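Colleague: Just one file: target07.cif, with mmCIF, C-alpha atoms.
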data_my_file
#
loop_
_atom_site.label_atom_id
_atom_site.label_comp_id
_atom_site.auth_asym_id
_atom_site.auth_seq_id
_atom_site.Cartn_x
_atom_site.Cartn_y
_atom_site.Cartn_z
CA MET A 19 167.92 178.77 101.78
CA LEU A 20 170.03 178.00 98.73
CA GLU A 21 166.98 178.19 96.45
CA ALA A 22 166.24 181.61 97.98
CA GLU A 23 169.91 182.59 97.53
CA GLN A 24 170.24 183.12 101.30
CA TYR A 25 173.84 181.97 101.34
CA ARG A 26 174.91 183.66 104.56
CA GLU A 27 172.04 182.04 106.48
CA ALA A 28 172.86 178.67 104.89
CA LYS A 29 176.48 178.92 106.05
CA GLU A 30 175.38 179.78 109.59
CA LEU A 31 173.01 176.80 109.68
CA LEU A 32 175.65 174.40 108.39
CA GLY A 33 178.12 175.72 110.98
CA PHE A 34 175.58 174.98 113.70
CA LEU A 35 174.85 171.49 112.37
CA LEU A 36 178.55 170.62 112.36
CA GLN A 37 178.65 171.34 116.10
CA CYS A 38 175.82 168.91 116.81
CA GLN A 39 176.48 165.34 117.88
CA GLY A 40 174.79 162.01 117.26
CA GLN A 41 174.30 162.11 113.48
CA GLU A 42 175.84 159.71 110.99
CA LYS A 43 179.39 160.49 109.86
CA ARG A 44 178.22 160.73 106.26
CA HIS A 45 175.93 163.63 107.17
CA TYR A 46 178.80 165.57 108.72
CA GLU A 47 180.91 164.99 105.61
CA GLU A 48 178.12 166.26 103.37
CA TRP A 49 177.54 169.34 105.57
CA ALA A 50 181.27 170.11 105.70
CA ASN A 51 181.63 169.76 101.93
CA LEU A 52 178.63 171.99 101.29
CA LEU A 53 179.91 174.60 103.76
CA SER A 54 183.32 174.52 102.06
CA TRP A 55 181.65 175.06 98.68
CA LEU A 56 179.60 177.99 100.00
CA GLU A 57 182.61 179.65 101.59
CA MET A 58 184.53 179.40 98.32
CA ALA A 59 181.70 180.46 96.05
CA PHE A 60 180.15 183.09 98.31
CA PRO A 61 182.70 184.71 100.64
CA ASP A 62 181.61 186.63 103.74
CA GLY A 63 179.79 189.79 102.89
CA VAL A 64 178.46 188.43 99.60
CA ASP A 65 174.82 187.44 99.82
CA ALA A 66 172.33 187.40 96.99
CA GLY A 67 169.36 186.80 99.28
CA ARG A 68 165.92 187.97 98.37
CA ASP A 69 166.11 190.66 101.03
CA SER A 70 168.86 192.37 99.04
CA GLN A 71 168.15 194.94 96.35
CA PRO A 72 170.15 193.95 93.25
CA ASP A 73 170.00 195.96 90.05
CA GLU A 74 166.89 194.93 88.10
CA GLU A 75 168.99 194.14 85.04
CA GLN A 76 171.30 191.84 87.02
CA ASP A 77 169.89 188.41 86.32
CA GLU A 78 170.90 185.14 87.96
CA GLU A 79 173.51 184.29 85.34
CA THR A 80 175.18 187.70 85.68
CA LEU A 81 175.34 187.32 89.45
CA ARG A 82 176.68 183.78 89.12
CA ALA A 83 179.43 185.00 86.81
CA GLU A 84 180.42 187.79 89.20
CA LEU A 85 180.71 185.35 92.09
CA LEU A 86 182.51 182.53 90.31
CA LYS A 87 184.69 184.29 87.76
CA PRO A 88 188.12 184.99 89.29
CA PRO A 89 189.99 188.22 88.50
CA VAL A 90 193.08 186.21 87.56
CA GLN A 91 192.82 183.20 85.26
CA ASP A 92 196.40 182.09 84.79
CA GLU A 93 197.47 178.67 83.56
CA ALA A 94 197.83 177.34 87.11
CA TYR A 95 194.21 178.25 87.93
CA VAL A 96 192.87 176.66 84.74
CA ASN A 97 194.86 173.47 85.31
CA GLN A 98 193.68 173.28 88.92
CA VAL A 99 190.01 173.60 87.95
CA LEU A 100 190.37 170.92 85.27
CA TYR A 101 192.27 168.60 87.60
CA ILE A 102 189.55 168.84 90.28
CA MET A 103 186.86 168.32 87.66
CA ARG A 104 188.51 165.14 86.41
CA ASN A 105 190.04 163.63 89.53
CA HIS A 106 188.49 164.81 92.80
CA PRO A 107 186.94 161.89 94.75
CA MET A 108 184.03 164.04 95.98
CA MET A 109 181.35 164.72 93.41
CA ASP A 110 180.34 168.05 94.94
CA GLN A 111 183.88 169.34 94.40
CA GLN A 112 183.74 168.21 90.78
CA MET A 113 180.47 170.10 90.37
CA LEU A 114 182.02 173.22 91.90
CA ALA A 115 184.87 172.92 89.40
CA LEU A 116 182.31 172.77 86.59
CA GLU A 117 180.63 175.89 88.01
CA ARG A 118 183.97 177.68 87.86
CA ALA A 119 184.89 176.26 84.45
CA ALA A 120 181.80 177.91 82.96
CA TYR A 121 183.47 181.31 83.43
CA ILE A 122 187.05 180.57 82.38
CA ASP A 123 188.15 182.60 79.36
CA ASP A 124 190.08 179.83 77.68
CA PRO A 125 188.97 178.39 74.32
CA GLY A 126 190.43 174.99 75.20
CA ILE A 127 188.02 174.42 78.10
CA ASP A 128 185.14 173.26 75.88
CA ALA A 129 187.23 170.49 74.33
CA ALA A 130 188.54 169.41 77.74
CA ILE A 131 185.02 169.12 79.18
CA LEU A 132 183.71 167.28 76.11
CA GLU A 133 186.59 164.81 76.18
CA TRP A 134 185.96 164.11 79.86
CA LEU A 135 182.21 163.87 79.36
CA VAL A 136 182.28 161.28 76.59
CA GLY A 137 185.40 159.42 77.72
CA ASP A 138 184.70 158.70 81.39
CA ASP A 139 182.03 156.62 83.13
CA LEU A 140 180.49 159.60 84.91
CA HIS A 141 177.68 159.80 87.42
CA PRO A 142 174.47 160.93 85.61
CA ILE A 143 174.28 164.12 87.66
CA LEU A 144 177.88 164.98 86.75
CA GLN A 145 177.01 164.42 83.10
CA PHE A 146 174.10 166.82 83.41
CA LYS A 147 176.21 169.45 85.19
CA ALA A 148 178.84 169.16 82.46
CA LEU A 149 176.18 169.78 79.81
CA GLN A 150 174.96 172.83 81.75
CA CYS A 151 178.54 174.11 81.96
CA LEU A 152 178.99 173.76 78.22
CA LYS A 153 175.73 175.58 77.54
CA ARG A 154 176.72 178.44 79.85
CA ARG A 155 179.97 178.70 77.92
CA GLY A 156 177.99 179.09 74.70
CA ALA A 157 178.92 175.72 73.25
CA THR A 158 176.61 174.18 70.65
CA GLY A 159 176.22 170.90 68.82
CA THR A 160 175.45 167.36 69.89
CA VAL A 161 177.17 164.95 72.23
CA ARG A 162 176.59 161.20 72.57
CA VAL A 163 176.82 159.77 76.09
CA ARG A 164 175.62 156.67 77.93
CA ARG A 165 173.00 157.46 80.55
CA LEU A 166 171.30 154.82 82.70
CA ASP A 167 172.33 152.03 80.31
CA GLU A 168 171.10 153.95 77.24
CA ASP A 169 173.10 155.58 74.45
CA VAL A 170 171.61 159.05 74.05
CA LEU A 171 172.35 161.94 71.69
CA LEU A 172 171.91 165.33 73.35
CA GLU A 173 171.90 168.89 72.03
CA ILE A 174 174.11 171.02 74.25
CA GLU A 175 172.13 174.22 73.62
CA ALA A 176 168.87 172.50 74.66
CA THR A 177 170.16 171.65 78.17
CA PRO A 178 167.89 173.19 80.85
CA LEU A 179 169.67 175.57 83.22
CA ALA A 180 166.70 175.88 85.62
CA MET A 181 163.49 174.01 86.36
CA ASP A 182 161.50 176.48 84.27
CA ASP A 183 163.61 175.50 81.26
CA PHE A 184 162.31 171.93 81.27
CA PRO A 185 159.36 171.15 78.97
CA GLU A 186 155.95 172.00 80.40
CA PRO A 187 154.74 168.39 80.86
CA VAL A 188 157.69 167.76 83.20
CA ASN A 189 156.70 170.66 85.44
CA GLN A 190 153.04 169.65 85.32
CA ILE A 191 153.97 166.34 86.93
CA LEU A 192 155.59 168.14 89.86
CA GLU A 193 152.69 170.58 90.23
CA ARG A 194 150.19 167.70 90.27
CA ALA A 195 152.10 165.88 93.01
CA ILE A 196 152.61 169.00 95.13
CA ALA A 197 148.91 169.85 95.00
CA VAL A 198 148.21 166.49 96.66
CA VAL A 199 151.08 166.07 99.13
CA GLU A 200 150.84 169.58 100.62
CA VAL A 201 147.35 168.80 101.91
CA ASP A 202 148.72 166.12 104.24
CA ASP A 203 152.09 167.65 105.13
CA PRO A 204 153.11 171.26 104.30
CA THR A 205 156.80 170.30 104.46
CA LEU A 206 156.57 167.69 101.70
CA PRO A 207 156.48 170.08 98.69
CA HIS A 208 160.06 171.14 99.40
CA PHE A 209 161.26 167.53 99.43
CA ALA A 210 159.15 166.76 96.35
CA ARG A 211 160.87 169.57 94.42
CA GLU A 212 164.32 168.37 95.43
CA LEU A 213 163.59 164.73 94.60
CA TRP A 214 162.08 165.68 91.25
CA LYS A 215 164.97 168.01 90.38
CA GLU A 216 167.54 165.31 91.08
CA SER A 217 165.48 162.69 89.27
CA LEU A 218 165.37 164.88 86.16
CA GLN A 219 169.14 165.29 86.25
CA PHE A 220 169.41 161.50 86.19
CA LEU A 221 166.77 160.95 83.51
CA TYR A 222 167.37 163.84 81.11
CA GLY A 223 167.64 162.56 77.56
CA THR A 224 166.65 158.97 78.35
CA SER A 225 163.60 157.07 77.11
CA ALA A 226 161.90 157.59 80.48
CA PHE A 227 162.36 161.34 80.09
CA GLY A 228 160.88 161.13 76.61
CA TRP A 229 157.88 159.29 78.02
CA MET A 230 157.26 162.19 80.42
CA LEU A 231 156.93 164.56 77.48
CA ARG A 232 153.71 162.96 76.23
CA GLU A 233 151.15 165.71 76.58
CA ASP A 234 148.32 163.68 78.11
CA ASP A 235 146.75 163.63 81.56
CA GLU A 236 147.37 159.91 82.02
CA THR A 237 151.16 160.33 81.82
CA VAL A 238 151.07 163.24 84.25
CA ASP A 239 148.96 161.20 86.67
CA CYS A 240 151.21 158.13 86.46
CA PHE A 241 154.43 160.03 87.10
CA ALA A 242 152.89 162.31 89.74
CA ALA A 243 151.59 159.27 91.62
CA ALA A 244 154.98 157.57 91.29
CA LEU A 245 156.70 160.72 92.59
CA HIS A 246 154.26 160.83 95.52
CA LEU A 247 154.89 157.18 96.38
CA THR A 248 158.68 157.52 96.09
CA LEU A 249 158.62 160.67 98.19
CA LEU A 250 156.71 159.00 101.04
CA LEU A 251 158.98 155.94 100.95
CA THR A 252 162.04 158.20 101.03
CA VAL A 253 160.84 160.52 103.80
CA TYR A 254 158.72 158.20 105.95
CA GLY A 255 159.86 154.73 104.93
CA SER A 256 156.33 153.56 104.09
CA ALA A 257 153.38 154.44 101.85
CA ASN A 258 149.92 153.10 100.99
CA ASP A 259 150.06 152.26 97.31
CA ASP A 260 146.29 151.66 97.04
CA ASP A 261 145.45 155.08 98.47
CA ILE A 262 147.88 156.82 96.13
CA ARG A 263 146.50 155.05 93.06
CA ASP A 264 142.97 156.01 94.09
CA THR A 265 143.96 159.63 94.65
CA TYR A 266 145.51 160.01 91.21
CA GLY A 267 142.91 157.93 89.39
CA ILE A 268 145.30 155.17 88.35
CA SER A 269 142.92 152.66 86.77
CA ASP A 270 143.74 149.08 85.88
CA SER A 271 144.54 150.16 82.33
CA LEU A 272 147.20 152.57 83.67
CA ARG A 273 148.60 150.20 86.28
CA PHE A 274 151.51 148.99 84.13
CA ARG A 275 152.58 152.53 83.16
CA TYR A 276 152.33 153.64 86.78
CA GLU A 277 154.46 150.73 87.99
CA GLN A 278 157.07 151.50 85.33
CA ALA A 279 157.25 155.08 86.58
CA CYS A 280 157.52 153.84 90.17
CA ARG A 281 160.43 151.54 89.34
CA THR A 282 162.23 154.34 87.54
CA LEU A 283 161.89 156.93 90.31
CA ARG A 284 162.43 154.45 93.13
CA GLY A 285 165.64 153.27 91.50
CA ILE A 286 166.93 156.83 91.33
CA ALA A 287 165.93 157.51 94.94
CA MET A 288 167.88 154.43 96.05
CA LEU A 289 170.96 155.64 94.16
CA LEU A 290 170.63 159.05 95.80
CA GLN A 291 170.28 157.50 99.25
CA ALA A 292 173.31 155.30 98.63
CA GLY A 293 175.43 158.43 98.40
CA GLY A 294 175.87 161.24 95.90
CA ASP A 295 179.51 160.42 95.26
CA GLU A 296 178.91 156.85 94.18
CA HIS A 297 179.04 156.30 90.45
CA GLN A 298 176.29 154.59 88.65
CA PRO A 299 176.73 150.80 88.76
#
Could I get this file's structure written as structure tokens?

Modeller:
Amino acid sequence: MLEAEQYREAKELLGFLLQCQGQEKRHYEEWANLLSWLEMAFPDGVDAGRDSQPDEEQDEETLRAELLKPPVQDEAYVNQVLYIMRNHPMMDQQMLALERAAYIDDPGIDAAILEWLVGDDLHPILQFKALQCLKRRGATGTVRVRRLDEDVLLEIEATPLAMDDFPEPVNQILERAIAVVEVDDPTLPHFARELWKESLQFLYGTSAFGWMLREDDETVDCFAAALHLTLLLTVYGSANDDDIRDTYGISDSLRFRYEQACRTLRGIAMLLQAGGDEHQP
């Protein structure tokens, strides 16, 4: 629903889920936090769903700015957004603050975000969201951060804002995996896209991400197979490694590269399952 910009329907579903009983407490906290974010970002009566008829020239970024840019940006508002970004214990609230910071008309915001980005031990997804915020603000230049135990130098203006902005080999990996998993279970492509999107936010700029950019079929096959395996382990709790390797043509010569990709994606999936608000160990 969120991908389709059906925000009203998403809020109704979350409201229903919060009335249900028997789920883990963590799930209720996540649903409540997401509902709170939606109610703040998209008040009642504002819905950018696909069934609406927006002006053809109104692109996603314009709509985002209209929804998140407040009419009044006084000092108290700016300080509140920065305080939440730096100090809130819930990562989703920090990400919402970054969404709002992208549309604050204050020249000091860029420096505040950069200082926070390079000075704190941030969760990899928060790092990526901060880079996206800086790009939306029109910032340029490079920033050096530590991601997954690697020191990486990133160009702010090269940060992808959407999946289509990632290099083509990265999207080929997802397409290859989806073409296989949807044959067995039509619901799996949705979960594959979400897992891949979050994995990319973790890996962006790292050596593993650079490996994905090799424009050869073997790399696509290794990562697509690893994504397939990780997806099944995440959703079902089990997977047949031999069958997956056969399906993607992972020969003995590719076995090591495939296992490297599996370790990388499985490690990220375990961090995601441990809880989005936990910082990287």

Colleague: Just give me the gap between atom CA of A:Glu27 and atom CA of A:Glu47 in Å, one decimal is fine.

Modeller: 19.2 Å

Colleague: Starting from the shown file, work through the PyMOL selection byres ((chain A and resi 96-99) around 12) and note down what comes out as a ChimeraX atom specification.

Modeller: /A:86-88,90-95,100-106,111-127,130-131

Colleague: Translate the PyMOL selection byres ((chain A and resi 52) around 12), as applied to the file shown, into an explicit residue set as a tab-separated table (two decimals) with C-alpha atoms, in the coordinates of the input.

Modeller:
chain	number	residue	atom	x	y	z
A	20	LEU	CA	170.03	178.00	98.73
A	25	TYR	CA	173.84	181.97	101.34
A	28	ALA	CA	172.86	178.67	104.89
A	29	LYS	CA	176.48	178.92	106.05
A	30	GLU	CA	175.38	179.78	109.59
A	31	LEU	CA	173.01	176.80	109.68
A	32	LEU	CA	175.65	174.40	108.39
A	33	GLY	CA	178.12	175.72	110.98
A	35	LEU	CA	174.85	171.49	112.37
A	36	LEU	CA	178.55	170.62	112.36
A	45	HIS	CA	175.93	163.63	107.17
A	46	TYR	CA	178.80	165.57	108.72
A	47	GLU	CA	180.91	164.99	105.61
A	48	GLU	CA	178.12	166.26	103.37
A	49	TRP	CA	177.54	169.34	105.57
A	50	ALA	CA	181.27	170.11	105.70
A	51	ASN	CA	181.63	169.76	101.93
A	53	LEU	CA	179.91	174.60	103.76
A	54	SER	CA	183.32	174.52	102.06
A	55	TRP	CA	181.65	175.06	98.68
A	56	LEU	CA	179.60	177.99	100.00
A	57	GLU	CA	182.61	179.65	101.59
A	58	MET	CA	184.53	179.40	98.32
A	59	ALA	CA	181.70	180.46	96.05
A	60	PHE	CA	180.15	183.09	98.31
A	108	MET	CA	184.03	164.04	95.98
A	109	MET	CA	181.35	164.72	93.41
A	110	ASP	CA	180.34	168.05	94.94
A	111	GLN	CA	183.88	169.34	94.40
A	113	MET	CA	180.47	170.10	90.37
A	114	LEU	CA	182.02	173.22	91.90

Colleague: Can you pull out the residues contacting stretch 260-268 of chain A? Cut-off 10 Å, using all atoms listed in the file, and skip same-chain residues under 2 positions away; I want them as a ChimeraX atom specification.

Modeller: /A:194-195,198,236,238-244,246-247,257-258,270-276

Colleague: Which residues are close to A:Ala129, i.e. within 10 Å by only C-alpha atoms, leaving aside same-chain residues fewer than 6 positions away? Reply as a list in words.

Modeller: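 Near A:Ala129, the qualifying residues are Leu135, Leu152 and Ala157 of chain A.
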
Colleague: Please, could you write that set of residues out with C-alpha atoms as a JSON list (two decimals), keeping the file's coordinate frame?

Modeller:
[["chain", "number", "residue", "atom", "x", "y", "z"],
["A", 135, "LEU", "CA", 182.21, 163.87, 79.36],
["A", 152, "LEU", "CA", 178.99, 173.76, 78.22],
["A", 157, "ALA", "CA", 178.92, 175.72, 73.25]]

Colleague: Written as a PyMOL selection string, which residues does the PyMOL selection byres ((chain A and resi 180) around 12) give for the file shown?

Modeller: chain A and resi 21+78-79+146-147+150+154+176-179+181-185+189+215-216+218-219

Colleague: Which value, in Å to one decimal, gives the distance between atom CA of A:Val199 and atom CA of A:Asp235?

Modeller: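 Between atom CA of A:Val199 and atom CA of A:Asp235 the gap works out to 18.3 Å.
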
Colleague: Calculated over all atoms listed in the file, which of the candidates A:Asp203, A:Gly223, A:Leu245, A:Leu283 has the smallest distance to A:Val161?

Modeller: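 Among the listed residues, the smallest separation from A:Val161 belongs to A:Gly223.
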
Colleague: Interatomic distance between atom CA of A:Ile174 and atom CA of A:Val136?

Modeller: 12.9 Å

Colleague: Find, counting all atoms listed in the file, the residue in A:Val170, A:Met288, A:Ala197, A:Cys38 that gets nearest to A:Thr224.

Modeller: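 Comparing A:Val170, A:Met288, A:Ala197, A:Cys38 against A:Thr224, the winner is A:Val170.
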
Colleague: Using all atoms listed in the file, which protein or nucleic acid residues come within 10 Å of A:Thr282? Drop anything in the same chain fewer than 2 positions from it, and give the result as a ChimeraX atom specification.

Modeller: /A:217,221,226,241,244-245,248,276-280,284-287

Colleague: Point out the residue among A:Pro207, A:Tyr222, A:Arg26, A:Pro187 with the least atom-to-atom distance to A:Leu171, counting only C-alpha atoms.

Modeller: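 The shortest atom-to-atom distance to A:Leu171 comes from A:Tyr222.
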
Colleague: Which is closer to A:Met230 than all the others in A:Asp139, A:Glu168, A:Glu186, A:Asp259, using all atoms listed in the file?

Modeller: A:Glu186

Colleague: From the options A:Leu213, A:Leu250, A:Leu140, A:Val201, which residue's atoms come nearest to A:Arg165, counting all atoms listed in the file?

Modeller: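 Residue with the minimum atom-to-atom distance to A:Arg165: A:Leu140.
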